[in-house]
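Let me begin by presenting the structure, written as C-alpha cells, before commenting on it.
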Amino acid sequence: MKITKLTTYRLAPRWLFLKIETDAGVAGWGEPVIEGKARTVEAAVHEFEPYLIGRDPARINDLWQTMYRGGFYRGGAILMSAIAGIDQALWDIKGKALGVPVYELLGGLVRDRMKTYSWVGGDRPADVIAGIRRLREGGFDTFKLNGSEEMGLIDSAAKVDAAVARIAEIRAAFGQTIEFGIDFHGRIGAPMAKVMLRELEPYRPLFVEEPVLAEQDESYARLAQHTSIPLAAGERMYSRFEFKRVFAAGGLAIAQPDLSHAGGISECLKIAGMAEAHDIAFAPHCPLGPVALAACLAVDFVSHNAVLQEQSMGIHYNQGGELLDYVRNRTDFHIEGGYIRPLPGPGLGVEVDEERVIAASRSAPDWRNPLWRHADGSVAEW
Ligand SMILES: O=C(O)[C@H](O)[C@@H](O)[C@@H](O)[C@H](O)CO
Ligand SMILES: [Mg+2]
C-alpha cells in the first residue's frame, strides 16, 4: 500500500481535518490543528508531503521519526500538531486496512468505558450553576470551568475573592455530588497562583489546570509544596521530551497532552507510559473535533492511568459547528452517565461525513481567540 494524497479541510468551528488516501482505496482521517493557527498547521502538513507520498502508510513509526527528525528543526506547537494529525490518519488507515479498532492494535482495552467531563461557563465563567444543572440532567457529574477572568501578575484580594466566590457558589449549590476542575488557563502568574490555590483549597476541586503558563513549568513543583489540590497541565506541551523534564521535577499530578498538538497517538501513548511510571494520571486535552476525540479515546482505552477525557460537546468555542456535525456514526459517541464506550468501528472508529466536510470547508471561518488587555492597556493572558 502507498500514500497517494493528502487533502486538508479547514471548517467551522475552528478545526482542520486531514484525509490521507492510499493506492489501496483505504483512507484515514486526522485532525492536525492549533486553534487560531489552522492555516499555518495546514501549510506544515503539506510541507511534510515529500516525506509521505509514495511511502507505505503501515510504517507509522518510521514516518513519525522521519517527520520529527528529518527536517533538522523539531518540536513546537505547529510542527507537532501537523505530525499529530498525520499520525492519527496513519493509525486510522492501519486499523481500517486490518479491520480492527486502533485500540486493538495497541494491545486491547484496559477498561470498558471512559469517564468524560464537560465545560461550563465559557471564557468569562458565568452562569456556571445553570450550566452544571443542565449538564447534570444529561448525566454528567464532572465539569471544568475557567478559574478567573484577566488576572494581573500581582492582583487584588477583591479579584481573588470574586474568583473564589464562584467556586464557593458551586460547592454550596451541589456539595460533593459533583466534581470539577478549575482551568487557570495560564491567565494567572506564579505569584497569584500560590494565593489562588490557598484560597481554593477548602473547596477541594478535582484539579487545577495550567496553574501557570507552560513556560513557567518549574513552578509546578514549588506550587505543589503549598497545596493538596492536584495540578494538571499539558495542552501546551508538545512532546515526550517536554514532559520528561516536568515529570522528573515533580509537582504535576495529571498530564494533559493534546492528541492533536503533541505528536498524535504514537507520541501521546509514550507520554502516557512515562506518566504512569511517575504515578501521574493521564487526562488528554481535547476541545476539538470528533477525530481528535477518537484519537484520545484510542490511547485512553489502552492506558492504565487514563482517568478523565475532555470532550467538546457544547463547549463555548463551538460556534458554527458542534462535535458530531461531520460524523455519520453519531450513536457510537453516545455518553451515558458521563461515560463513553470504545468506538467499535475499524481504525479510529469515526465515519466522517465527507460531503458535509467538503461543503463546510467552502466557508471556513478564520477563528482566533480574543485578545485581552488589562485595565492599563497591557496584553492579558486569555
Ligand atoms: O482546557 C481547555 O480546553 C483549553 O484550555 C482550551 O480552552 C484552550 O486550549 C483553547 O482551545 C485554546 O483555543
Ligand atoms: Mg485548559
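The chains in the C-alpha cells are called A, B, ... from first to last as shown; in each chain the residues are counted from 1, and the ligands are counted from 1 in the order shown.
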Tell me, counting only C-alpha atoms and all ligand atoms, for each residue of chain A within 10 Å of ligand 1, which pair of atoms is nearest and how far apart they are in Å to one decimal, in rows ordered by chain and increasing number, as a Markdown table.
```
| residue | atom | partner | partner_atom_place_in_ligand_line | distance |
| --- | --- | --- | --- | --- |
| A:Arg14 | CA | ligand 1 | 13 (O) | 8.9 |
| A:Ile34 | CA | ligand 1 | 13 (O) | 7.7 |
| A:Glu35 | CA | ligand 1 | 13 (O) | 4.8 |
| A:Gly36 | CA | ligand 1 | 13 (O) | 6.7 |
| A:Lys37 | CA | ligand 1 | 13 (O) | 9.6 |
| A:Ser118 | CA | ligand 1 | 3 (O) | 9.6 |
| A:Trp119 | CA | ligand 1 | 3 (O) | 7.8 |
| A:Gly122 | CA | ligand 1 | 7 (O) | 8.8 |
| A:Asp123 | CA | ligand 1 | 7 (O) | 8.0 |
| A:Lys144 | CA | ligand 1 | 1 (O) | 7.9 |
| A:Leu145 | CA | ligand 1 | 1 (O) | 8.5 |
| A:Asn146 | CA | ligand 1 | 7 (O) | 8.2 |
| A:Gly181 | CA | ligand 1 | 1 (O) | 9.6 |
| A:Ile182 | CA | ligand 1 | 1 (O) | 9.2 |
| A:Asp183 | CA | ligand 1 | 1 (O) | 6.4 |
| A:Phe184 | CA | ligand 1 | 5 (O) | 8.2 |
| A:His185 | CA | ligand 1 | 5 (O) | 5.3 |
| A:Gly186 | CA | ligand 1 | 5 (O) | 8.2 |
| A:Glu209 | CA | ligand 1 | 1 (O) | 7.4 |
| A:Glu210 | CA | ligand 1 | 5 (O) | 7.9 |
| A:Ala233 | CA | ligand 1 | 1 (O) | 9.0 |
| A:Gly234 | CA | ligand 1 | 1 (O) | 9.4 |
| A:Glu235 | CA | ligand 1 | 9 (O) | 6.5 |
| A:Arg236 | CA | ligand 1 | 9 (O) | 7.9 |
| A:Gln256 | CA | ligand 1 | 1 (O) | 8.8 |
| A:Asp258 | CA | ligand 1 | 9 (O) | 8.7 |
| A:Pro284 | CA | ligand 1 | 1 (O) | 9.5 |
| A:His285 | CA | ligand 1 | 1 (O) | 6.2 |
| A:Cys286 | CA | ligand 1 | 3 (O) | 6.1 |
| A:Pro287 | CA | ligand 1 | 3 (O) | 4.7 |
| A:Leu288 | CA | ligand 1 | 11 (O) | 7.2 |
| A:Glu310 | CA | ligand 1 | 3 (O) | 7.3 |
| A:Gln311 | CA | ligand 1 | 3 (O) | 8.4 |
| A:Ser312 | CA | ligand 1 | 3 (O) | 7.9 |
| A:Ile315 | CA | ligand 1 | 3 (O) | 8.4 |
| A:His316 | CA | ligand 1 | 7 (O) | 8.8 |
| A:Tyr317 | CA | ligand 1 | 11 (O) | 7.3 |
| A:Asn318 | CA | ligand 1 | 11 (O) | 9.9 |
| A:Trp367 | CA | ligand 1 | 13 (O) | 9.1 |
| A:Arg368 | CA | ligand 1 | 13 (O) | 7.7 |
| A:Asn369 | CA | ligand 1 | 13 (O) | 6.0 |
| A:Pro370 | CA | ligand 1 | 13 (O) | 9.3 |
| A:Trp382 | CA | ligand 1 | 12 (C) | 8.8 |
```
message: as a ChimeraX atom specification, please: every residue in segment 96-269 of chain A that DSSP puts in strand (DSSP E or B).
response: /A:101,114-119,142-146,179-183,207-209,231-233,254-255,258
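Using only C-alpha atoms, the shortest contact distance between Ile83 of chain A and any of A:Gly347, A:Pro32, A:Gly139, A:Pro365 is found at A:Pro32.
Between Gly175 of chain A and the residues A:Met80, A:Ser156, A:Tyr203, A:Arg341, the shortest atom-to-atom distance, using only C-alpha atoms, involves A:Tyr203.
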field: Contact residues around Ile53 of chain A with only C-alpha atoms at 8 Å, ignoring same-chain residues under 6 positions, as JSON, numbers by chain
entry: {"A": [2, 3, 4, 5]}
- prompt: Which polymer residues have any atom within 9 Å of an atom of Leu135 of chain A, counting only C-alpha atoms, with same-chain residues fewer than 6 positions away left out, as an MDAnalysis selection string?
  reply: chainID A and resid 118 120 141 143
Dump N, CA and C atoms for the selected residues as an mmCIF file, in the first residue's frame?
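Below is the file result_15.cif, written as the result:
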```
data_model
loop_
_atom_site.group_PDB
_atom_site.id
_atom_site.type_symbol
_atom_site.label_atom_id
_atom_site.label_comp_id
_atom_site.auth_asym_id
_atom_site.auth_seq_id
_atom_site.Cartn_x
_atom_site.Cartn_y
_atom_site.Cartn_z
ATOM 1 N N SER A 118 -17.421 17.797 31.066
ATOM 2 C CA SER A 118 -17.927 18.869 30.211
ATOM 3 C C SER A 118 -17.504 20.235 30.719
ATOM 4 N N VAL A 120 -18.148 24.167 31.491
ATOM 5 C CA VAL A 120 -19.276 25.062 31.800
ATOM 6 C C VAL A 120 -18.731 26.482 31.936
ATOM 7 N N ASP A 141 -21.410 14.341 35.716
ATOM 8 C CA ASP A 141 -21.214 14.743 37.122
ATOM 9 C C ASP A 141 -19.829 15.352 37.322
ATOM 10 N N PHE A 143 -17.054 18.347 35.690
ATOM 11 C CA PHE A 143 -17.091 19.557 34.865
ATOM 12 C C PHE A 143 -15.748 20.276 34.925
#
```
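Around Pro57 of chain A, within 10 Å and counting only C-alpha atoms, the residues found are A:Met1, A:Lys2, A:Ile3, A:Thr4, A:Ile20, A:Glu21, A:Thr22, A:Gly28, A:Leu52, A:Ile53, A:Gly54, A:Arg55, A:Arg59, A:Ile60, A:Asn61, A:Asp62, A:Leu63, A:Asp87, A:Ala89, A:Leu90, A:Trp91, A:Asp92, A:Ile93, A:Lys94, once anything fewer than 2 positions away on its own chain is removed.
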Put those residues in a file: C-alpha atoms, as a compact mmCIF listing (two decimals), in the first residue's frame.
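Saved file result_37.txt follows:
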```txt
# COMPACT_ATOMS: atom_id res chain seq x y z
CA MET A 1 0.00 0.00 0.00
CA LYS A 2 1.31 3.51 -0.75
CA ILE A 3 0.23 7.00 0.34
CA THR A 4 -1.10 8.86 -2.68
CA ILE A 20 -4.77 10.71 3.71
CA GLU A 21 -5.54 8.49 0.71
CA THR A 22 -3.72 5.36 -0.48
CA GLY A 28 -7.56 7.76 7.02
CA LEU A 52 4.92 10.78 2.85
CA ILE A 53 3.76 10.46 -0.77
CA GLY A 54 4.70 7.04 -2.18
CA ARG A 55 5.58 5.64 1.28
CA ARG A 59 5.30 2.19 8.70
CA ILE A 60 3.91 4.73 11.14
CA ASN A 61 6.96 4.70 13.41
CA ASP A 62 9.41 5.38 10.59
CA LEU A 63 7.18 8.05 9.07
CA ASP A 87 -0.10 10.23 12.78
CA ALA A 89 -4.67 9.41 9.94
CA LEU A 90 -1.95 6.75 9.57
CA TRP A 91 -3.31 4.82 12.56
CA ASP A 92 -6.81 5.19 11.07
CA ILE A 93 -5.56 3.68 7.79
CA LYS A 94 -3.77 0.83 9.56
```
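Counting only C-alpha atoms, the residue from A:Leu200, A:Met274, A:Leu297, A:Val302 that sits nearest to Phe333 of chain A is A:Leu297.
For Ala275 of chain A, the non-local neighbours within 8 Å, defined as residues at least 4 positions apart in the same chain or in other chains and counting only C-alpha atoms, are Phe247, Ala255, Ile271, Asp279, Ile280, Ala281, Phe282 and Asn305 of chain A.
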Just C-alpha atoms for this one: save the residues we selected as a compact mmCIF listing (two decimals), in the first residue's frame.
```
# COMPACT_ATOMS: atom_id res chain seq x y z
CA PHE A 247 7.74 14.62 35.28
CA ALA A 255 -0.70 15.02 32.38
CA ILE A 271 3.73 10.21 27.26
CA ASP A 279 2.31 7.69 39.17
CA ILE A 280 0.89 10.64 37.22
CA ALA A 281 -2.65 10.43 35.84
CA PHE A 282 -3.36 10.81 32.13
CA ASN A 305 -3.50 5.73 34.19
```
field: A:Phe140, A:Phe207, A:Trp15, A:Phe243 ranked by distance to ligand 2, top pick (using only C-alpha atoms and all ligand atoms)
entry: A:Phe207
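Distance-wise, atom CA of Val33 of chain A and atom CA of Ser81 of chain A end up 5.7 Å apart.
Taking atom CA of Ala292 of chain A and atom CA of Leu343 of chain A as the two end points, the separation is 12.9 Å.
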field: A:Ala249, A:Ala283, A:Ala43, A:Met196 ranked by distance to ligand 2, top pick (using only C-alpha atoms and all ligand atoms)
entry: A:Ala283
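Closest to ligand 2 among A:Ala12, A:Val128, A:Leu213, A:Ala157 is A:Leu213, based on only C-alpha atoms and all ligand atoms.
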message: If you run DSSP on the backbone here, which positions in segment 15-238 of chain A get alpha helix (DSSP H)? Please write them as a PyMOL selection string.
response: chain A and resi 38-47+49-52+60-69+77-98+102-105+128-137+157-174+190-200+219-224
field: Point-to-point distance in Å for atom CA of Pro346 of chain A and atom CA of Gly99 of chain A
entry: 5.2 Å
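Once segment 324-331 of chain A and its same-chain neighbours fewer than 6 positions away are set aside, Leu11, Ala12, Gly289, Pro290, Val291, Ser312, Met313, Leu343, Gly345, Gly349, Val350, Glu351, Val352, Asp353, Glu354, Glu355, Arg356, Val357, Ile358 and Ala360 of chain A remain within 10 Å of it when counting only C-alpha atoms.
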Residue subset to file, keeping C-alpha atoms, as a CSV table (one decimal), in the first residue's frame:
```csv
chain,number,residue,atom,x,y,z
A,11,LEU,CA,-14.0,24.0,8.7
A,12,ALA,CA,-16.2,25.5,11.4
A,289,GLY,CA,-13.5,17.7,16.9
A,290,PRO,CA,-14.5,14.1,16.6
A,291,VAL,CA,-11.3,12.7,15.1
A,312,SER,CA,-16.1,19.5,23.3
A,313,MET,CA,-19.9,18.8,23.2
A,343,LEU,CA,-15.7,3.3,19.4
A,345,GLY,CA,-15.5,0.8,14.1
A,349,GLY,CA,-13.9,4.5,14.6
A,350,VAL,CA,-15.1,7.7,13.1
A,351,GLU,CA,-17.2,7.6,10.0
A,352,VAL,CA,-16.5,11.1,8.6
A,353,ASP,CA,-19.3,12.7,6.5
A,354,GLU,CA,-17.0,13.7,3.7
A,355,GLU,CA,-19.7,15.6,1.7
A,356,ARG,CA,-20.5,17.7,4.8
A,357,VAL,CA,-16.8,18.3,5.4
A,358,ILE,CA,-16.2,19.5,1.8
A,360,ALA,CA,-18.3,23.2,5.2
```
